[in-house]
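Heads up, coords-v1.txt below (compact mmCIF, C-alpha atoms and all ligand atoms):
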# COMPACT_ATOMS: atom_id res chain seq x y z
CA MET A 1 28.09 2.83 67.41
CA LYS A 2 27.81 6.50 66.46
CA VAL A 3 30.77 8.37 64.98
CA LEU A 4 30.60 12.14 64.52
CA LEU A 5 32.96 13.88 62.10
CA THR A 6 33.19 17.58 62.93
CA HIS A 7 34.74 20.76 61.47
CA ILE A 8 35.03 19.18 58.01
CA LYS A 9 36.57 21.83 55.77
CA GLU A 10 34.33 20.66 52.91
CA LEU A 11 31.99 17.67 52.72
CA LEU A 12 31.86 16.54 49.09
CA GLN A 13 29.22 14.85 46.96
CA VAL A 14 26.36 15.61 49.37
CA ARG A 15 23.04 14.63 47.83
CA ASP A 16 19.78 14.69 49.85
CA ALA A 17 18.06 12.73 47.09
CA ALA A 18 20.84 11.15 45.07
CA PRO A 19 20.19 10.48 41.39
CA ASN A 20 21.23 7.02 40.09
CA LEU A 21 23.81 8.67 37.87
CA VAL A 22 24.84 12.07 36.51
CA SER A 23 25.22 12.81 32.79
CA GLY A 24 26.50 15.55 30.49
CA LYS A 25 26.46 19.05 31.96
CA ASP A 26 25.23 17.79 35.35
CA MET A 27 28.59 16.11 35.83
CA ALA A 28 30.15 19.55 36.30
CA THR A 29 28.23 20.00 39.55
CA LEU A 30 29.63 18.54 42.77
CA PRO A 31 27.35 19.52 45.68
CA THR A 32 29.26 20.28 48.90
CA ILE A 33 28.81 21.70 52.40
CA LYS A 34 31.63 23.84 53.81
CA ASN A 35 32.49 23.65 57.52
CA ALA A 36 30.38 20.56 57.92
CA TRP A 37 29.63 17.67 60.25
CA LEU A 38 28.73 14.10 59.36
CA LEU A 39 27.15 11.48 61.62
CA LEU A 40 27.73 7.78 60.93
CA GLU A 41 25.58 5.26 62.75
CA GLY A 42 26.65 1.62 62.48
CA ASP A 43 27.23 0.90 58.81
CA ARG A 44 25.09 3.81 57.56
CA ILE A 45 25.24 7.56 57.03
CA ALA A 46 22.76 8.97 59.56
CA ASP A 47 22.87 12.74 59.03
CA TYR A 48 24.98 15.75 58.08
CA GLY A 49 24.88 19.54 58.05
CA SER A 50 26.93 22.69 58.56
CA MET A 51 28.72 23.25 61.88
CA ASP A 52 26.19 25.84 63.08
CA THR A 53 23.72 22.94 63.37
CA VAL A 54 26.10 20.35 64.88
CA PRO A 55 24.06 17.96 67.03
CA GLN A 56 24.91 17.38 70.68
CA HIS A 57 24.62 13.63 70.22
CA ASP A 58 25.80 11.04 72.63
CA VAL A 59 28.41 9.60 70.29
CA SER A 60 30.95 6.81 70.69
CA GLU A 61 33.66 8.75 68.87
CA THR A 62 34.23 12.25 67.55
CA ILE A 63 36.75 12.84 64.76
CA ASP A 64 37.95 16.42 64.31
CA CYS A 65 38.37 16.97 60.54
CA SER A 66 39.67 20.55 60.69
CA GLY A 67 41.34 21.49 57.40
CA LYS A 68 40.35 18.15 55.84
CA MET A 69 37.90 17.14 53.13
CA VAL A 70 35.48 14.24 53.48
CA LEU A 71 34.07 12.45 50.47
CA PRO A 72 32.40 9.13 49.65
CA THR A 73 34.84 6.27 49.01
CA TRP A 74 35.70 5.47 45.40
CA CYS A 75 33.57 3.00 43.47
CA ASP A 76 35.87 0.94 41.22
CA SER A 77 33.53 -0.78 38.75
CA HIS A 78 36.15 -2.62 36.67
CA THR A 79 38.99 -4.73 38.06
CA HIS A 80 40.71 -8.09 37.59
CA LEU A 81 42.07 -8.01 41.13
CA VAL A 82 42.11 -11.80 41.55
CA TYR A 83 45.19 -13.02 39.68
CA ALA A 84 48.34 -15.03 40.28
CA GLY A 85 51.87 -13.68 40.12
CA ASN A 86 52.67 -10.74 37.85
CA ARG A 87 53.80 -9.98 34.29
CA GLU A 88 56.85 -7.92 35.06
CA GLN A 89 58.95 -9.62 32.36
CA GLU A 90 56.44 -8.51 29.68
CA PHE A 91 56.70 -5.00 31.08
CA VAL A 92 60.40 -5.06 30.24
CA ASP A 93 59.64 -6.54 26.78
CA ARG A 94 57.29 -3.63 26.13
CA ILE A 95 59.90 -1.11 27.26
CA LYS A 96 62.20 -2.70 24.71
CA GLY A 97 59.64 -2.14 21.95
CA LEU A 98 57.19 -5.06 21.71
CA SER A 99 53.49 -4.14 21.54
CA TYR A 100 50.74 -5.63 23.74
CA GLN A 101 49.52 -7.62 20.72
CA GLU A 102 53.03 -8.87 19.83
CA ILE A 103 53.54 -10.07 23.40
CA ALA A 104 50.20 -11.89 23.27
CA GLN A 105 51.23 -13.56 19.99
CA LYS A 106 54.40 -14.98 21.53
CA GLY A 107 52.50 -16.67 24.35
CA GLY A 108 52.44 -13.79 26.81
CA GLY A 109 49.44 -11.75 27.80
CA ILE A 110 46.23 -13.14 29.20
CA VAL A 111 47.13 -16.73 28.28
CA ASN A 112 50.38 -16.40 30.31
CA SER A 113 48.38 -15.21 33.36
CA ALA A 114 45.95 -18.10 32.85
CA LYS A 115 48.73 -20.71 33.03
CA LYS A 116 50.03 -19.21 36.28
CA LEU A 117 46.55 -19.05 37.76
CA GLN A 118 45.62 -22.60 36.84
CA ASN A 119 48.72 -23.82 38.72
CA THR A 120 48.12 -21.67 41.81
CA PRO A 121 46.20 -23.29 44.71
CA GLU A 122 43.00 -21.53 45.73
CA GLU A 123 44.34 -20.56 49.18
CA GLU A 124 47.43 -18.97 47.65
CA LEU A 125 45.32 -17.12 45.07
CA TYR A 126 43.16 -15.83 47.92
CA ARG A 127 46.21 -14.71 49.89
CA GLN A 128 47.68 -12.73 46.96
CA SER A 129 44.31 -11.18 46.09
CA ALA A 130 43.47 -10.26 49.70
CA ALA A 131 46.73 -8.28 49.93
CA ARG A 132 45.72 -6.29 46.83
CA LEU A 133 42.22 -5.71 48.17
CA GLU A 134 43.60 -4.42 51.48
CA GLU A 135 45.86 -2.04 49.59
CA VAL A 136 43.05 -0.53 47.46
CA MET A 137 40.82 -0.14 50.52
CA ARG A 138 43.55 1.91 52.18
CA LEU A 139 43.65 3.96 48.96
CA GLY A 140 39.98 4.82 49.46
CA THR A 141 38.06 2.25 47.41
CA GLY A 142 34.86 1.21 49.19
CA ALA A 143 33.10 -0.82 46.49
CA ILE A 144 34.72 -2.92 43.81
CA GLU A 145 33.91 -5.17 40.89
CA ILE A 146 36.13 -8.22 40.34
CA LYS A 147 36.20 -10.29 37.15
CA SER A 148 37.26 -13.83 36.39
CA GLY A 149 38.99 -14.37 33.04
CA TYR A 150 42.49 -15.58 33.96
CA GLY A 151 41.30 -19.15 34.41
CA LEU A 152 40.05 -20.05 30.93
CA THR A 153 39.16 -23.58 32.10
CA THR A 154 35.91 -24.31 33.90
CA GLU A 155 37.69 -25.23 37.13
CA ALA A 156 40.05 -22.25 37.11
CA GLU A 157 37.29 -19.76 36.27
CA LEU A 158 35.17 -21.09 39.16
CA LYS A 159 38.24 -20.92 41.43
CA MET A 160 38.70 -17.21 40.65
CA LEU A 161 35.06 -16.41 41.34
CA ARG A 162 35.07 -18.40 44.59
CA VAL A 163 38.09 -16.37 45.72
CA ALA A 164 36.28 -13.11 44.86
CA LYS A 165 33.19 -14.25 46.80
CA LYS A 166 35.35 -15.21 49.78
CA LEU A 167 36.93 -11.74 49.76
CA ALA A 168 33.40 -10.29 49.81
CA GLU A 169 32.60 -12.35 52.92
CA ASN A 170 35.78 -11.48 54.80
CA TYR A 171 36.13 -7.74 54.13
CA PRO A 172 33.79 -4.77 54.77
CA ILE A 173 34.10 -3.54 51.17
CA SER A 174 31.18 -4.31 48.79
CA VAL A 175 32.28 -6.71 46.04
CA ARG A 176 30.43 -7.46 42.79
CA THR A 177 31.64 -10.33 40.62
CA THR A 178 31.70 -10.80 36.86
CA PHE A 179 32.21 -13.96 34.81
CA LEU A 180 34.76 -13.15 32.08
CA GLY A 181 35.49 -16.61 30.68
CA ALA A 182 35.50 -14.91 27.24
CA HIS A 183 38.67 -12.96 28.03
CA ALA A 184 40.96 -14.79 25.56
CA ILE A 185 41.03 -18.00 23.59
CA PRO A 186 43.09 -20.53 25.58
CA SER A 187 45.97 -22.25 23.79
CA GLU A 188 44.17 -25.62 23.81
CA TYR A 189 41.50 -24.01 21.61
CA LYS A 190 43.84 -22.23 19.21
CA GLY A 191 42.13 -22.29 15.79
CA ASN A 192 38.94 -23.59 17.41
CA LYS A 193 37.28 -20.53 18.87
CA ASN A 194 33.82 -22.00 18.34
CA GLY A 195 34.81 -24.99 20.45
CA TYR A 196 35.72 -22.60 23.28
CA MET A 197 32.48 -20.66 22.76
CA ASP A 198 30.61 -23.96 23.18
CA LEU A 199 32.49 -24.63 26.43
CA LEU A 200 31.65 -21.11 27.68
CA CYS A 201 27.96 -21.41 26.82
CA ASN A 202 27.28 -25.05 27.58
CA GLU A 203 29.48 -25.71 30.60
CA MET A 204 30.93 -22.60 32.26
CA LEU A 205 27.88 -20.31 32.22
CA PRO A 206 25.50 -22.92 33.69
CA LYS A 207 28.00 -23.74 36.48
CA VAL A 208 28.71 -20.09 37.34
CA ALA A 209 24.96 -19.46 37.50
CA SER A 210 24.05 -22.57 39.50
CA GLU A 211 26.75 -21.83 42.10
CA ASN A 212 25.67 -18.17 42.21
CA LEU A 213 29.21 -16.99 41.65
CA ALA A 214 28.59 -13.87 39.51
CA GLU A 215 26.15 -11.03 39.00
CA TYR A 216 27.57 -9.99 35.63
CA VAL A 217 28.95 -11.43 32.42
CA ASP A 218 31.77 -9.90 30.38
CA VAL A 219 33.43 -10.54 27.01
CA PHE A 220 36.55 -9.08 25.42
CA CYS A 221 34.98 -7.97 22.12
CA GLU A 222 38.11 -7.20 20.10
CA GLU A 223 39.95 -8.24 16.95
CA GLY A 224 41.84 -11.45 17.67
CA TYR A 225 39.64 -12.19 20.70
CA PHE A 226 35.84 -12.38 20.41
CA SER A 227 33.75 -10.97 17.54
CA VAL A 228 30.51 -9.01 17.71
CA GLU A 229 28.76 -12.21 16.65
CA ASP A 230 30.38 -14.14 19.54
CA THR A 231 29.34 -11.29 21.85
CA HIS A 232 25.71 -11.59 20.74
CA ARG A 233 25.77 -15.33 21.28
CA LEU A 234 27.33 -15.19 24.75
CA LEU A 235 25.17 -12.33 26.02
CA SER A 236 21.99 -14.04 24.76
CA GLU A 237 22.97 -17.24 26.58
CA ALA A 238 23.91 -15.31 29.72
CA ALA A 239 20.53 -13.53 29.75
CA SER A 240 18.81 -16.86 30.32
CA TYR A 241 20.81 -17.11 33.59
CA HIS A 242 20.00 -13.48 34.49
CA LEU A 243 23.62 -12.42 34.18
CA ILE A 244 23.79 -8.74 33.20
CA PRO A 245 26.46 -7.69 30.67
CA LYS A 246 29.39 -5.39 31.49
CA ILE A 247 31.71 -5.70 28.52
CA HIS A 248 35.23 -4.88 27.27
CA VAL A 249 34.84 -3.04 23.95
CA ASN A 250 36.63 -0.59 21.66
CA GLN A 251 40.04 -0.86 23.32
CA PHE A 252 41.97 -1.17 20.04
CA THR A 253 39.28 -1.26 17.32
CA ALA A 254 35.65 -0.17 16.87
CA LEU A 255 33.80 -3.27 15.70
CA GLY A 256 30.25 -2.31 16.68
CA GLY A 257 30.46 -3.99 20.08
CA ILE A 258 29.03 -0.97 21.87
CA ALA A 259 25.75 -1.20 19.94
CA ALA A 260 25.72 -4.95 20.64
CA GLY A 261 26.14 -4.26 24.38
CA VAL A 262 23.38 -1.66 24.39
CA GLN A 263 21.11 -4.09 22.53
CA HIS A 264 21.62 -6.62 25.35
CA ASN A 265 20.97 -3.95 28.03
CA ALA A 266 24.58 -3.90 29.22
CA LEU A 267 25.00 -2.11 32.54
CA SER A 268 28.30 -0.76 31.26
CA VAL A 269 30.60 -0.75 28.24
CA ASP A 270 34.22 -0.38 29.29
CA HIS A 271 37.48 0.88 27.69
CA LEU A 272 36.24 2.89 24.62
CA GLU A 273 39.70 4.23 23.77
CA VAL A 274 38.66 4.05 20.11
CA LEU A 275 35.24 5.59 19.69
CA THR A 276 33.21 6.45 16.56
CA ASP A 277 30.21 8.75 16.17
CA ALA A 278 28.08 5.63 15.61
CA ASP A 279 29.22 4.32 19.01
CA ILE A 280 28.20 7.59 20.66
CA ALA A 281 24.83 7.47 18.87
CA ALA A 282 24.30 3.89 20.11
CA LEU A 283 24.78 5.07 23.70
CA GLN A 284 22.31 7.95 23.44
CA GLY A 285 19.06 7.23 25.26
CA SER A 286 20.39 3.93 26.65
CA LYS A 287 20.82 2.88 30.28
CA THR A 288 24.39 1.71 29.57
CA MET A 289 27.23 3.48 31.41
CA PRO A 290 30.42 4.21 29.42
CA VAL A 291 33.46 3.44 31.60
CA ALA A 292 36.94 4.87 31.00
CA LEU A 293 40.10 3.21 32.32
CA PRO A 294 42.80 5.89 32.06
CA SER A 295 45.48 3.98 34.02
CA CYS A 296 45.39 1.33 31.29
CA SER A 297 45.96 3.99 28.61
CA TYR A 298 48.80 5.39 30.72
CA PHE A 299 50.52 2.04 31.20
CA LEU A 300 50.13 0.81 27.59
CA SER A 301 50.67 4.24 25.98
CA ILE A 302 47.46 3.89 23.98
CA PRO A 303 44.92 6.70 23.40
CA TYR A 304 42.77 7.85 26.31
CA THR A 305 39.01 7.36 26.14
CA PRO A 306 37.54 10.59 24.74
CA GLY A 307 35.67 11.29 27.96
CA ARG A 308 35.30 14.97 27.14
CA LYS A 309 33.48 14.03 23.92
CA LEU A 310 31.15 11.61 25.75
CA ILE A 311 30.25 14.15 28.42
CA ASP A 312 29.82 16.94 25.86
CA ALA A 313 27.43 14.63 23.97
CA GLY A 314 25.25 14.63 27.11
CA LEU A 315 26.28 11.11 28.17
CA PRO A 316 27.40 9.93 31.62
CA LEU A 317 30.90 8.60 32.27
CA ALA A 318 32.35 6.40 35.00
CA LEU A 319 36.02 5.93 35.88
CA ALA A 320 37.61 2.66 37.03
CA THR A 321 41.10 1.21 37.41
CA ASP A 322 41.12 -2.01 35.31
CA TYR A 323 43.54 -3.34 37.97
CA ASN A 324 45.19 -6.36 36.30
CA PRO A 325 48.69 -7.82 35.87
CA GLY A 326 49.08 -7.14 32.14
CA SER A 327 47.82 -3.69 31.25
CA THR A 328 47.20 -1.94 34.60
CA PRO A 329 49.12 -3.22 37.61
CA SER A 330 47.59 -0.51 39.81
CA GLY A 331 44.31 -0.31 41.71
CA ASN A 332 44.79 3.30 42.76
CA MET A 333 41.57 5.25 42.08
CA ASN A 334 43.26 8.51 43.18
CA PHE A 335 45.64 8.16 40.23
CA VAL A 336 42.66 7.37 37.95
CA VAL A 337 40.87 10.56 39.03
CA ALA A 338 44.02 12.63 38.53
CA THR A 339 44.77 11.09 35.13
CA ALA A 340 41.18 11.70 33.97
CA CYS A 341 41.72 15.39 34.73
CA ILE A 342 45.24 15.64 33.36
CA LYS A 343 44.89 13.52 30.21
CA MET A 344 41.15 13.38 29.45
CA LYS A 345 40.45 17.01 30.39
CA LEU A 346 37.73 16.25 32.90
CA THR A 347 37.25 18.87 35.60
CA PRO A 348 37.78 17.73 39.21
CA GLU A 349 33.98 17.82 39.70
CA GLU A 350 33.39 15.61 36.67
CA ALA A 351 36.13 13.17 37.65
CA ILE A 352 34.86 12.85 41.24
CA ASN A 353 31.27 12.27 40.00
CA ALA A 354 32.60 9.67 37.55
CA ALA A 355 34.57 7.84 40.27
CA THR A 356 31.79 7.83 42.89
CA LEU A 357 28.15 8.10 41.82
CA ASN A 358 28.60 6.84 38.26
CA GLY A 359 30.98 4.10 39.38
CA ALA A 360 28.32 2.92 41.83
CA TYR A 361 25.78 2.84 38.99
CA ALA A 362 28.13 0.67 36.93
CA MET A 363 27.99 -1.93 39.74
CA GLY A 364 24.26 -1.68 40.44
CA LEU A 365 25.05 0.00 43.77
CA SER A 366 23.48 3.44 43.26
CA SER A 367 21.05 3.06 46.15
CA SER A 368 23.81 2.34 48.70
CA HIS A 369 27.06 3.88 47.45
CA GLY A 370 28.58 6.84 45.62
CA SER A 371 27.32 9.84 47.58
CA ILE A 372 26.89 11.32 51.05
CA THR A 373 23.19 10.57 51.41
CA LYS A 374 21.21 9.55 54.51
CA GLY A 375 20.81 5.77 54.62
CA LYS A 376 23.71 5.02 52.28
CA LYS A 377 26.72 3.01 53.46
CA ALA A 378 29.05 4.68 55.97
CA ASN A 379 31.87 4.75 53.42
CA VAL A 380 34.06 7.85 53.53
CA ILE A 381 37.54 9.09 52.78
CA ILE A 382 39.00 11.67 55.16
CA THR A 383 41.78 13.55 53.39
CA LYS A 384 44.87 15.11 54.89
CA GLU A 385 44.78 18.89 55.28
CA ILE A 386 44.48 20.22 51.72
CA PRO A 387 43.58 23.66 50.33
CA SER A 388 40.72 22.53 48.06
CA TYR A 389 39.26 19.38 46.51
CA GLY A 390 40.88 20.27 43.18
CA TYR A 391 44.16 19.60 44.99
CA LEU A 392 43.34 15.85 44.96
CA PRO A 393 43.91 15.40 41.18
CA TYR A 394 46.45 18.27 41.07
CA ALA A 395 48.95 16.73 43.48
CA PHE A 396 48.70 13.43 41.62
CA GLY A 397 51.71 11.71 43.11
CA SER A 398 50.97 12.35 46.76
CA ASN A 399 48.93 10.18 49.06
CA LEU A 400 46.44 12.71 50.40
CA ILE A 401 44.32 10.22 52.36
CA ASP A 402 44.39 10.46 56.13
CA ALA A 403 41.76 7.82 56.97
CA VAL A 404 39.21 5.56 55.30
CA ILE A 405 35.96 4.30 56.81
CA ILE A 406 34.22 1.41 55.04
CA ASN A 407 30.90 0.00 56.19
CA GLY A 408 31.33 2.02 59.39
CA GLU A 409 34.73 0.43 60.13
CA GLN A 410 37.77 2.68 60.24
CA LEU A 411 40.69 0.89 58.54
ZN ZN B 1 39.61 -5.06 32.00
Could the structure of this file be written out as structure tokens, please?
Ligand SMILES: [Zn+2]
Amino acid sequence: MKVLLTHIKELLQVRDAAPNLVSGKDMATLPTIKNAWLLLEGDRIADYGSMDTVPQHDVSETIDCSGKMVLPTWCDSHTHLVYAGNREQEFVDRIKGLSYQEIAQKGGGIVNSAKKLQNTPEEELYRQSAARLEEVMRLGTGAIEIKSGYGLTTEAELKMLRVAKKLAENYPISVRTTFLGAHAIPSEYKGNKNGYMDLLCNEMLPKVASENLAEYVDVFCEEGYFSVEDTHRLLSEAASYHLIPKIHVNQFTALGGIAAGVQHNALSVDHLEVLTDADIAALQGSKTMPVALPSCSYFLSIPYTPGRKLIDAGLPLALATDYNPGSTPSGNMNFVVATACIKMKLTPEEAINAATLNGAYAMGLSSSHGSITKGKKANVIITKEIPSYGYLPYAFGSNLIDAVIINGEQL
């Protein structure tokens, strides 16, 4: 099956030899070919060039992309897409003035989602999650990370991860899974956090590992949740099962969790709305990707991750949605890219690099995703007719996607 895209107004993120990630000043460069063609063969990118070199291949399908941009699909490296129900009532409580923390204190928040999830049968959880996955694929996401963390019992955590693995089997999108049992302290362990830590380390982690349900481990390192000390303990335990850390840190307070993550070779540290110079220093020279989640800042009205500061310090930055029922009920990466430009002052080039190549890095998918490179996955977004790629974040409320191809399959 060969598909030839012709007369592409501009082919974005074209990299003959793609780096694993882009940092600092290099993020300002987005390599493109104007008036281009792109050949997809099966599930891979076969070749590309400018129209004066268009091949006379015997192809199964030709798609005329006149006036349209083509770019690699988004890589969303941080989601909680598997969940049950919604938290619309808390949304109204917040409108009326309660804070995220106040809602959590009165039994809402993560613990509320956990109760719903524990009582939802696996098939129903799959059905709800599959609908969300189909929606984000149509919005141009071609690789996604999905976390557990709304189970908070061994059985419910395993149920979430089994659902995520089943989605991976049944859909063309690449799915990476993360064990986030340390998302909140369940009500049964109120006042006994160490008891829950024991359950995480002695029962949940071994089961997740033996059933091969996750590639990564996560912890919500935050005041009122898990301390830096807890983070060290969990990540040390997880290392013995070869689970790589991708952690929630610095959302509301800077406790030193970033340095702890770097020390445990975290693939990414995510959130970073509150960031100190010491945190930036800890990231320098590391292989850890900082990940910003601007839709979460938007929804909760909390500060945005100082992405400009991270990039200006020579660091890389990835963008992800944080799709979850409490703080970000949206998996729309187009909105994330726009919000990064509008609120975090990233340029369109920086935001697109952060949402493709660097997002792929934050899921260990650099060799197969995130750029238009020969041999990488045939994952592309074909836009509607637009004047320039800067128009994508500019016209933030419009759906500018005409078609999405994932793993060679047009949706
Ligand atoms: Zn999250």
List every residue of chain A that has an atom at most 9 Å from any atom of ligand ZN 1 (chain B), and for each one report the closest atom pair and its distance in Å to one decimal, counting all atoms listed in the file, with rows sorted by chain and then by increasing residue number, as CSV.
residue,atom,partner,partner_atom,distance
A:His78,CA,B:ZN1,ZN,6.3
A:Thr79,CA,B:ZN1,ZN,6.1
A:His80,CA,B:ZN1,ZN,6.5
A:Lys147,CA,B:ZN1,ZN,8.1
A:His183,CA,B:ZN1,ZN,8.9
A:Phe220,CA,B:ZN1,ZN,8.3
A:Ile247,CA,B:ZN1,ZN,8.7
A:His248,CA,B:ZN1,ZN,6.4
A:Asp270,CA,B:ZN1,ZN,7.6
A:His271,CA,B:ZN1,ZN,7.6
A:Leu293,CA,B:ZN1,ZN,8.3
A:Cys296,CA,B:ZN1,ZN,8.6
A:Thr321,CA,B:ZN1,ZN,8.4
A:Asp322,CA,B:ZN1,ZN,4.7
A:Tyr323,CA,B:ZN1,ZN,7.4
A:Asn324,CA,B:ZN1,ZN,7.2
A:Ser327,CA,B:ZN1,ZN,8.4
A:Thr328,CA,B:ZN1,ZN,8.6
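Between atom CA of Ala320 of chain A and atom CA of Glu102 of chain A lies a distance of 25.8 Å.
The list of residues with at least one atom within 10 Å of Phe335 of chain A, based on all atoms listed in the file and without residues fewer than 6 positions apart in the same chain, reads Leu139, Pro294, Ser295, Thr321, Cys341, Leu392, Pro393, Ala395, Phe396, Gly397, Ser398 and Asn399 of chain A.
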Calculated over only C-alpha atoms, which of the candidates A:Val274, A:Ala238, A:Ile173, A:Ile311 has the smallest distance to Lys345 of chain A? A:Ile311
Report the centre and edge lengths, in Å to one decimal, of an axis-aligned box enclosing every atom of segment 235-244 of chain A listed in the file, padded by 3 Å on each side, as JSON.
{"center_x": 22.0, "center_y": -13.0, "center_z": 29.6, "size_x": 12.4, "size_y": 14.5, "size_z": 15.7}
If you measure from atom CA of Gly370 of chain A to atom CA of Ala214 of chain A, what distance in Å do you get, rounded to one decimal? 21.6 Å
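Atom CA of Arg94 of chain A lies 16.7 Å from atom CA of Phe252 of chain A.
Proximity ranking of A:Ile302, A:Leu400, A:Leu117, A:Ile372 relative to Gly49 of chain A places A:Ile372 first, based on all atoms listed in the file.
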Please list, as a list in words, the residues that have an atom at most 10 Å away from (43.4, -19.1, 45.2) in the coordinates of this file, counting only C-alpha atoms.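 Within the cut-off we find Val82, Tyr83, Ala84, Leu117, Gln118, Asn119, Thr120, Pro121, Glu122, Glu123, Glu124, Leu125, Tyr126, Arg127, Gln128, Ser129, Ala130, Ala156, Lys159, Met160, Leu161, Arg162, Val163 and Ala164 of chain A.
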Would you mind telling me which residue in A:Val70, A:Ile280, A:Leu317, A:Ala168 lies nearest to Leu38 of chain A when using all atoms listed in the file?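 Once distances to Leu38 of chain A are computed over all atoms listed in the file, the minimum belongs to A:Val70.
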